[in-house]
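These notes are about the structure you will find just below.
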Amino acid sequence: MSLALVHVGPATLPGCPEAVATLLAAHGFDVATVGPGGERPLEADVLAGAALYAQPGGGTLRHAWRHLRRHRRLLRGWVSDGGAYVGFCLGAYLAGRGPGLGLLPGDTDRYVTSPHATLDDADVDTLVDVHWRGHRRTLFFQDGARFTGPGGTDVLARYPGGEAAALVAAYGTGRVGVVGPHPEATADWFTDVGLPVHDARDLAHDLVATVTT
């Protein structure tokens with residue numbers, strides 16, 4: 001069974017790593033947590049035994065980057081040598097450049113700042129519609145990213161205005177998969193804030209499968 005690592009620490013928020021870990025276990029991975037709040041340190045020898053590294057959602061990009069930037073060279077080198085990085089919401093922002101790990105051919109920006117955005121309040125947990133492989137789906141949303149810049153990517157989903165909402169790209173001999181909304185969200189994420197439940201975990205499995213095949 002392949003090993004997947006899920007980051008836990010100040011760059012994440014409670015509930016986010018747990019949802020990603022549950023998803024990856026259901027996908028067939030042996031899952032371990034890494035980072036300041038994890039079972040193992042985020043170090044080269046730990047990454048060497050892993051097939052996938054997942055960066056879950058969290059708080060603000062600036063705060064998270066202060067804690068993750070020391071691992072920039074390590075993570076870039078590991079992905080370039082064949083590893084798979086998956087980023088959900090904040091983890092997607094952290095795959096970008098400003099600031100971030102620089103794993104994407106382009107960059108990230110906030111969806112709510114797009115002139116075509118269907119949402120304009122970054123502080124409210126809400127729902128967003130996307131077209132995932134041509135099918136309309138509704139996902140949990142917390143100020144998620146859109147993806148900009150050069151091509152060379154496999155766009156899995158787009159927001160209503162056409163901006164990329166989920167994509168997979170090569171980085172060296174490895175691959176990177178990122179998604180702005182939260183397809184990994186479990187039912188309690190919706191009910192805790194009074195939203196109707198839209199289970200989209202099949203889309204999160206699609207993202208993981210695309211990155212790892």
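Residues are named by chain letter and number: chains run A, B, ... in the order of the structure tokens, numbers start at 1 in each chain, and ligands are numbered from 1 in the order shown.
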Hey, what's within 12 Å of Thr210 (chain A) if we count only C-alpha atoms and toss same-chain stuff fewer than 3 positions away? As a CSV table (one decimal) with N, CA and C atoms, in the first residue's frame, please?
```csv
chain,number,residue,atom,x,y,z
A,84,ALA,N,4.0,13.3,-5.9
A,84,ALA,CA,2.7,13.9,-6.2
A,84,ALA,C,2.2,14.8,-5.1
A,85,TYR,N,2.0,16.1,-5.4
A,85,TYR,CA,1.5,17.1,-4.4
A,85,TYR,C,0.0,17.3,-4.7
A,86,VAL,N,-0.8,17.3,-3.7
A,86,VAL,CA,-2.2,17.6,-3.8
A,86,VAL,C,-2.6,18.8,-2.8
A,153,THR,N,-1.6,22.5,-18.6
A,153,THR,CA,-2.3,21.9,-17.5
A,153,THR,C,-3.5,21.1,-18.0
A,154,ASP,N,-3.9,20.2,-17.1
A,154,ASP,CA,-5.2,19.5,-17.4
A,154,ASP,C,-6.2,20.1,-16.4
A,155,VAL,N,-7.1,20.9,-17.0
A,155,VAL,CA,-8.1,21.6,-16.2
A,155,VAL,C,-9.2,20.7,-16.0
A,156,LEU,N,-9.5,20.3,-14.7
A,156,LEU,CA,-10.6,19.4,-14.4
A,156,LEU,C,-11.9,20.1,-14.2
A,166,ALA,N,-9.9,23.7,-10.7
A,166,ALA,CA,-9.1,22.6,-10.3
A,166,ALA,C,-8.3,22.2,-11.5
A,167,LEU,N,-7.1,21.8,-11.3
A,167,LEU,CA,-6.2,21.4,-12.4
A,167,LEU,C,-5.1,20.5,-11.9
A,168,VAL,N,-4.5,19.8,-12.9
A,168,VAL,CA,-3.3,19.0,-12.6
A,168,VAL,C,-2.2,19.4,-13.6
A,169,ALA,N,-1.0,19.5,-13.1
A,169,ALA,CA,0.1,19.9,-14.0
A,169,ALA,C,1.3,19.1,-13.6
A,170,ALA,N,2.3,19.0,-14.6
A,170,ALA,CA,3.5,18.4,-14.3
A,170,ALA,C,4.5,19.3,-13.7
A,175,ARG,N,3.9,15.4,-10.3
A,175,ARG,CA,2.7,16.0,-10.7
A,175,ARG,C,2.1,16.7,-9.5
A,176,VAL,N,1.3,17.7,-9.9
A,176,VAL,CA,0.7,18.6,-8.9
A,176,VAL,C,-0.8,18.7,-9.2
A,177,GLY,N,-1.6,18.5,-8.2
A,177,GLY,CA,-3.1,18.7,-8.4
A,177,GLY,C,-3.6,19.6,-7.4
A,178,VAL,N,-4.4,20.6,-7.8
A,178,VAL,CA,-4.9,21.7,-6.9
A,178,VAL,C,-6.3,21.9,-7.2
A,203,LEU,N,-15.4,13.8,-6.6
A,203,LEU,CA,-14.5,14.7,-7.3
A,203,LEU,C,-13.1,14.8,-6.7
A,204,ALA,N,-13.0,14.8,-5.4
A,204,ALA,CA,-11.7,14.8,-4.8
A,204,ALA,C,-11.0,13.5,-5.1
A,205,HIS,N,-11.7,12.4,-5.2
A,205,HIS,CA,-11.1,11.1,-5.6
A,205,HIS,C,-10.6,11.2,-7.1
A,206,ASP,N,-11.4,11.9,-7.9
A,206,ASP,CA,-10.9,12.1,-9.3
A,206,ASP,C,-9.7,12.9,-9.4
A,207,LEU,N,-9.6,13.9,-8.6
A,207,LEU,CA,-8.3,14.8,-8.5
A,207,LEU,C,-7.1,13.9,-8.1
A,213,THR,N,-1.9,8.9,-11.5
A,213,THR,CA,-1.9,7.9,-12.6
A,213,THR,C,-1.2,8.5,-13.9
```
Exercise. Fewer than 3 positions away in the same chain doesn't count, so skip those; otherwise give me all residues within 9 Å of region 96-100 of chain A, counting only C-alpha atoms, as number ranges by chain.
Key: A: 61-62, 65, 68-69, 72, 92-93, 103-109, 147
> Could you name the residues that touch region 36-39 of chain A at 7 Å or less, counting only C-alpha atoms, but leaving out those on the same chain fewer than 3 positions away, as a PyMOL selection string?
Replying inline: chain A and resi 7-9+32-33
Worksheet entry | All strand (DSSP E) residues (DSSP, backbone) inside region 12-200 of chain A, as a count of residues only | 56
**Report entry** Selection: 10 Å around region 130-137 of chain A, only C-alpha atoms, excl. self and same-chain fewer than 3 positions, as a PyMOL selection string
**Finding:** chain A and resi 127+155-166+181+183+198-200+203+206
Requested in this report: Between CA of Cys89 (chain A) and CA of Ala145 (chain A), measure the distance and give it in Å to one decimal.
Outcome: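 CA of Ala145 (chain A) lies 6.4 Å from CA of Cys89 (chain A).
Of the residues under consideration (A:Val179, A:Val128, A:Leu90, A:Val193), A:Leu90 shows the shortest atom-to-atom contact distance to Ala11 (chain A) when counting only C-alpha atoms.
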| Which neighbours of Thr186 (chain A) fall inside 12 Å, counting only C-alpha atoms, when residues of the same chain fewer than 2 positions from it are skipped, and could you give them as a ChimeraX atom specification? | /A:15-23,139-140,182-184,188-192,195-202,204
Hey, can you spit out that residue selection with C-alpha atoms as a PDB file, in the first residue's frame?
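Here's the written file selection-v9.pdb:
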```pdb
ATOM      1  CA  GLY A  15     -11.038  19.518  10.428  1.00  0.00           C
ATOM      2  CA  CYS A  16      -9.155  20.118   7.206  1.00  0.00           C
ATOM      3  CA  PRO A  17      -6.346  17.543   7.629  1.00  0.00           C
ATOM      4  CA  GLU A  18      -8.820  15.036   9.024  1.00  0.00           C
ATOM      5  CA  ALA A  19     -11.073  15.313   5.960  1.00  0.00           C
ATOM      6  CA  VAL A  20      -8.113  14.885   3.602  1.00  0.00           C
ATOM      7  CA  ALA A  21      -6.714  11.952   5.579  1.00  0.00           C
ATOM      8  CA  THR A  22     -10.105  10.202   5.527  1.00  0.00           C
ATOM      9  CA  LEU A  23     -10.366  10.765   1.779  1.00  0.00           C
ATOM     10  CA  LEU A 139     -18.938  22.427  -3.737  1.00  0.00           C
ATOM     11  CA  PHE A 140     -18.191  23.825  -0.280  1.00  0.00           C
ATOM     12  CA  HIS A 182     -13.412  21.859  -1.024  1.00  0.00           C
ATOM     13  CA  PRO A 183     -14.549  18.636  -2.738  1.00  0.00           C
ATOM     14  CA  GLU A 184     -13.199  16.718   0.281  1.00  0.00           C
ATOM     15  CA  ASP A 188     -20.609  18.230   9.065  1.00  0.00           C
ATOM     16  CA  TRP A 189     -18.831  21.063   7.235  1.00  0.00           C
ATOM     17  CA  PHE A 190     -22.145  21.938   5.590  1.00  0.00           C
ATOM     18  CA  THR A 191     -24.482  21.344   8.525  1.00  0.00           C
ATOM     19  CA  ASP A 192     -22.288  23.252  10.995  1.00  0.00           C
ATOM     20  CA  LEU A 195     -25.779  24.789   4.346  1.00  0.00           C
ATOM     21  CA  PRO A 196     -27.418  21.933   2.438  1.00  0.00           C
ATOM     22  CA  VAL A 197     -25.081  18.973   2.079  1.00  0.00           C
ATOM     23  CA  HIS A 198     -23.502  18.429  -1.345  1.00  0.00           C
ATOM     24  CA  ASP A 199     -21.245  15.394  -1.169  1.00  0.00           C
ATOM     25  CA  ALA A 200     -18.562  15.930  -3.809  1.00  0.00           C
ATOM     26  CA  ARG A 201     -15.931  13.560  -2.518  1.00  0.00           C
ATOM     27  CA  ASP A 202     -16.066  11.630  -5.783  1.00  0.00           C
ATOM     28  CA  ALA A 204     -11.728  14.755  -4.754  1.00  0.00           C
TER      29      ALA A 204
END
```
> Nearest to Thr212 (chain A) among A:Gly91, A:Gly102, A:Gly35, A:Gly174, with distances taken over only C-alpha atoms: which residue is it?
Replying inline: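 Answer, going by the shortest atom-to-atom distance: A:Gly174.
Rounded to one decimal, CA of Asp121 (chain A) and CA of Pro56 (chain A) lie 21.5 Å from each other.
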Inset, instruction - Write out as a VMD selection string the residues lying within 12 Å of Trp78 (chain A), counting only C-alpha atoms and excluding same-chain residues fewer than 3 positions away. - result: chain A and resid 42 to 53 71 to 75 81 to 85 101 103 171 to 176
Saved selection, atoms kept: C-alpha atoms, as a PDB file, in the first residue's frame:
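Output saved as again_0.pdb:
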```
ATOM      1  CA  LEU A  42       8.414  16.911   7.447  1.00  0.00           C
ATOM      2  CA  GLU A  43      11.883  15.787   6.458  1.00  0.00           C
ATOM      3  CA  ALA A  44      13.578  14.310   3.411  1.00  0.00           C
ATOM      4  CA  ASP A  45      13.743  10.741   4.732  1.00  0.00           C
ATOM      5  CA  VAL A  46      10.026  10.791   5.535  1.00  0.00           C
ATOM      6  CA  LEU A  47       9.091  12.156   2.114  1.00  0.00           C
ATOM      7  CA  ALA A  48      11.346   9.583   0.440  1.00  0.00           C
ATOM      8  CA  GLY A  49       8.976   6.803   1.451  1.00  0.00           C
ATOM      9  CA  ALA A  50       5.808   8.569   0.287  1.00  0.00           C
ATOM     10  CA  ALA A  51       3.941   8.546  -3.003  1.00  0.00           C
ATOM     11  CA  LEU A  52       1.781  11.596  -2.260  1.00  0.00           C
ATOM     12  CA  TYR A  53       1.936  14.707  -0.088  1.00  0.00           C
ATOM     13  CA  HIS A  71      10.288  23.439   3.452  1.00  0.00           C
ATOM     14  CA  ARG A  72      10.098  25.031  -0.014  1.00  0.00           C
ATOM     15  CA  ARG A  73      13.294  23.536  -1.401  1.00  0.00           C
ATOM     16  CA  LEU A  74      12.556  20.122   0.120  1.00  0.00           C
ATOM     17  CA  LEU A  75       9.038  19.870  -1.323  1.00  0.00           C
ATOM     18  CA  ASP A  81      11.893  13.844  -8.586  1.00  0.00           C
ATOM     19  CA  GLY A  82       8.528  12.135  -9.080  1.00  0.00           C
ATOM     20  CA  GLY A  83       6.353  12.915  -6.085  1.00  0.00           C
ATOM     21  CA  ALA A  84       2.691  13.902  -6.193  1.00  0.00           C
ATOM     22  CA  TYR A  85       1.465  17.064  -4.443  1.00  0.00           C
ATOM     23  CA  LEU A 101       6.147  26.713  -3.384  1.00  0.00           C
ATOM     24  CA  LEU A 103       4.904  24.215  -8.253  1.00  0.00           C
ATOM     25  CA  TYR A 171       6.458  19.575 -12.237  1.00  0.00           C
ATOM     26  CA  GLY A 172       9.696  17.908 -13.235  1.00  0.00           C
ATOM     27  CA  THR A 173       8.918  14.191 -13.273  1.00  0.00           C
ATOM     28  CA  GLY A 174       6.217  14.658 -10.628  1.00  0.00           C
ATOM     29  CA  ARG A 175       2.674  15.971 -10.712  1.00  0.00           C
ATOM     30  CA  VAL A 176       0.689  18.617  -8.887  1.00  0.00           C
TER      31      VAL A 176
END
```
In Å and to one decimal, CA of Gln142 (chain A) is distant from CA of Ala117 (chain A) by 13.6 Å
I'd like to know which of A:Ala25, A:Arg146, A:Leu3, A:Leu13 is closest to Pro115 (chain A), using only C-alpha atoms.
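Ranked by minimum distance to Pro115 (chain A), first place goes to A:Arg146.
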inquiry  = Quick check for you: according to DSSP on this backbone, which residues of region 56-121 of chain A are classed as helix (DSSP H, G or I)? Reply as an NGL selection string.
reply    = :A and (61-80 or 90-93 or 111-113)
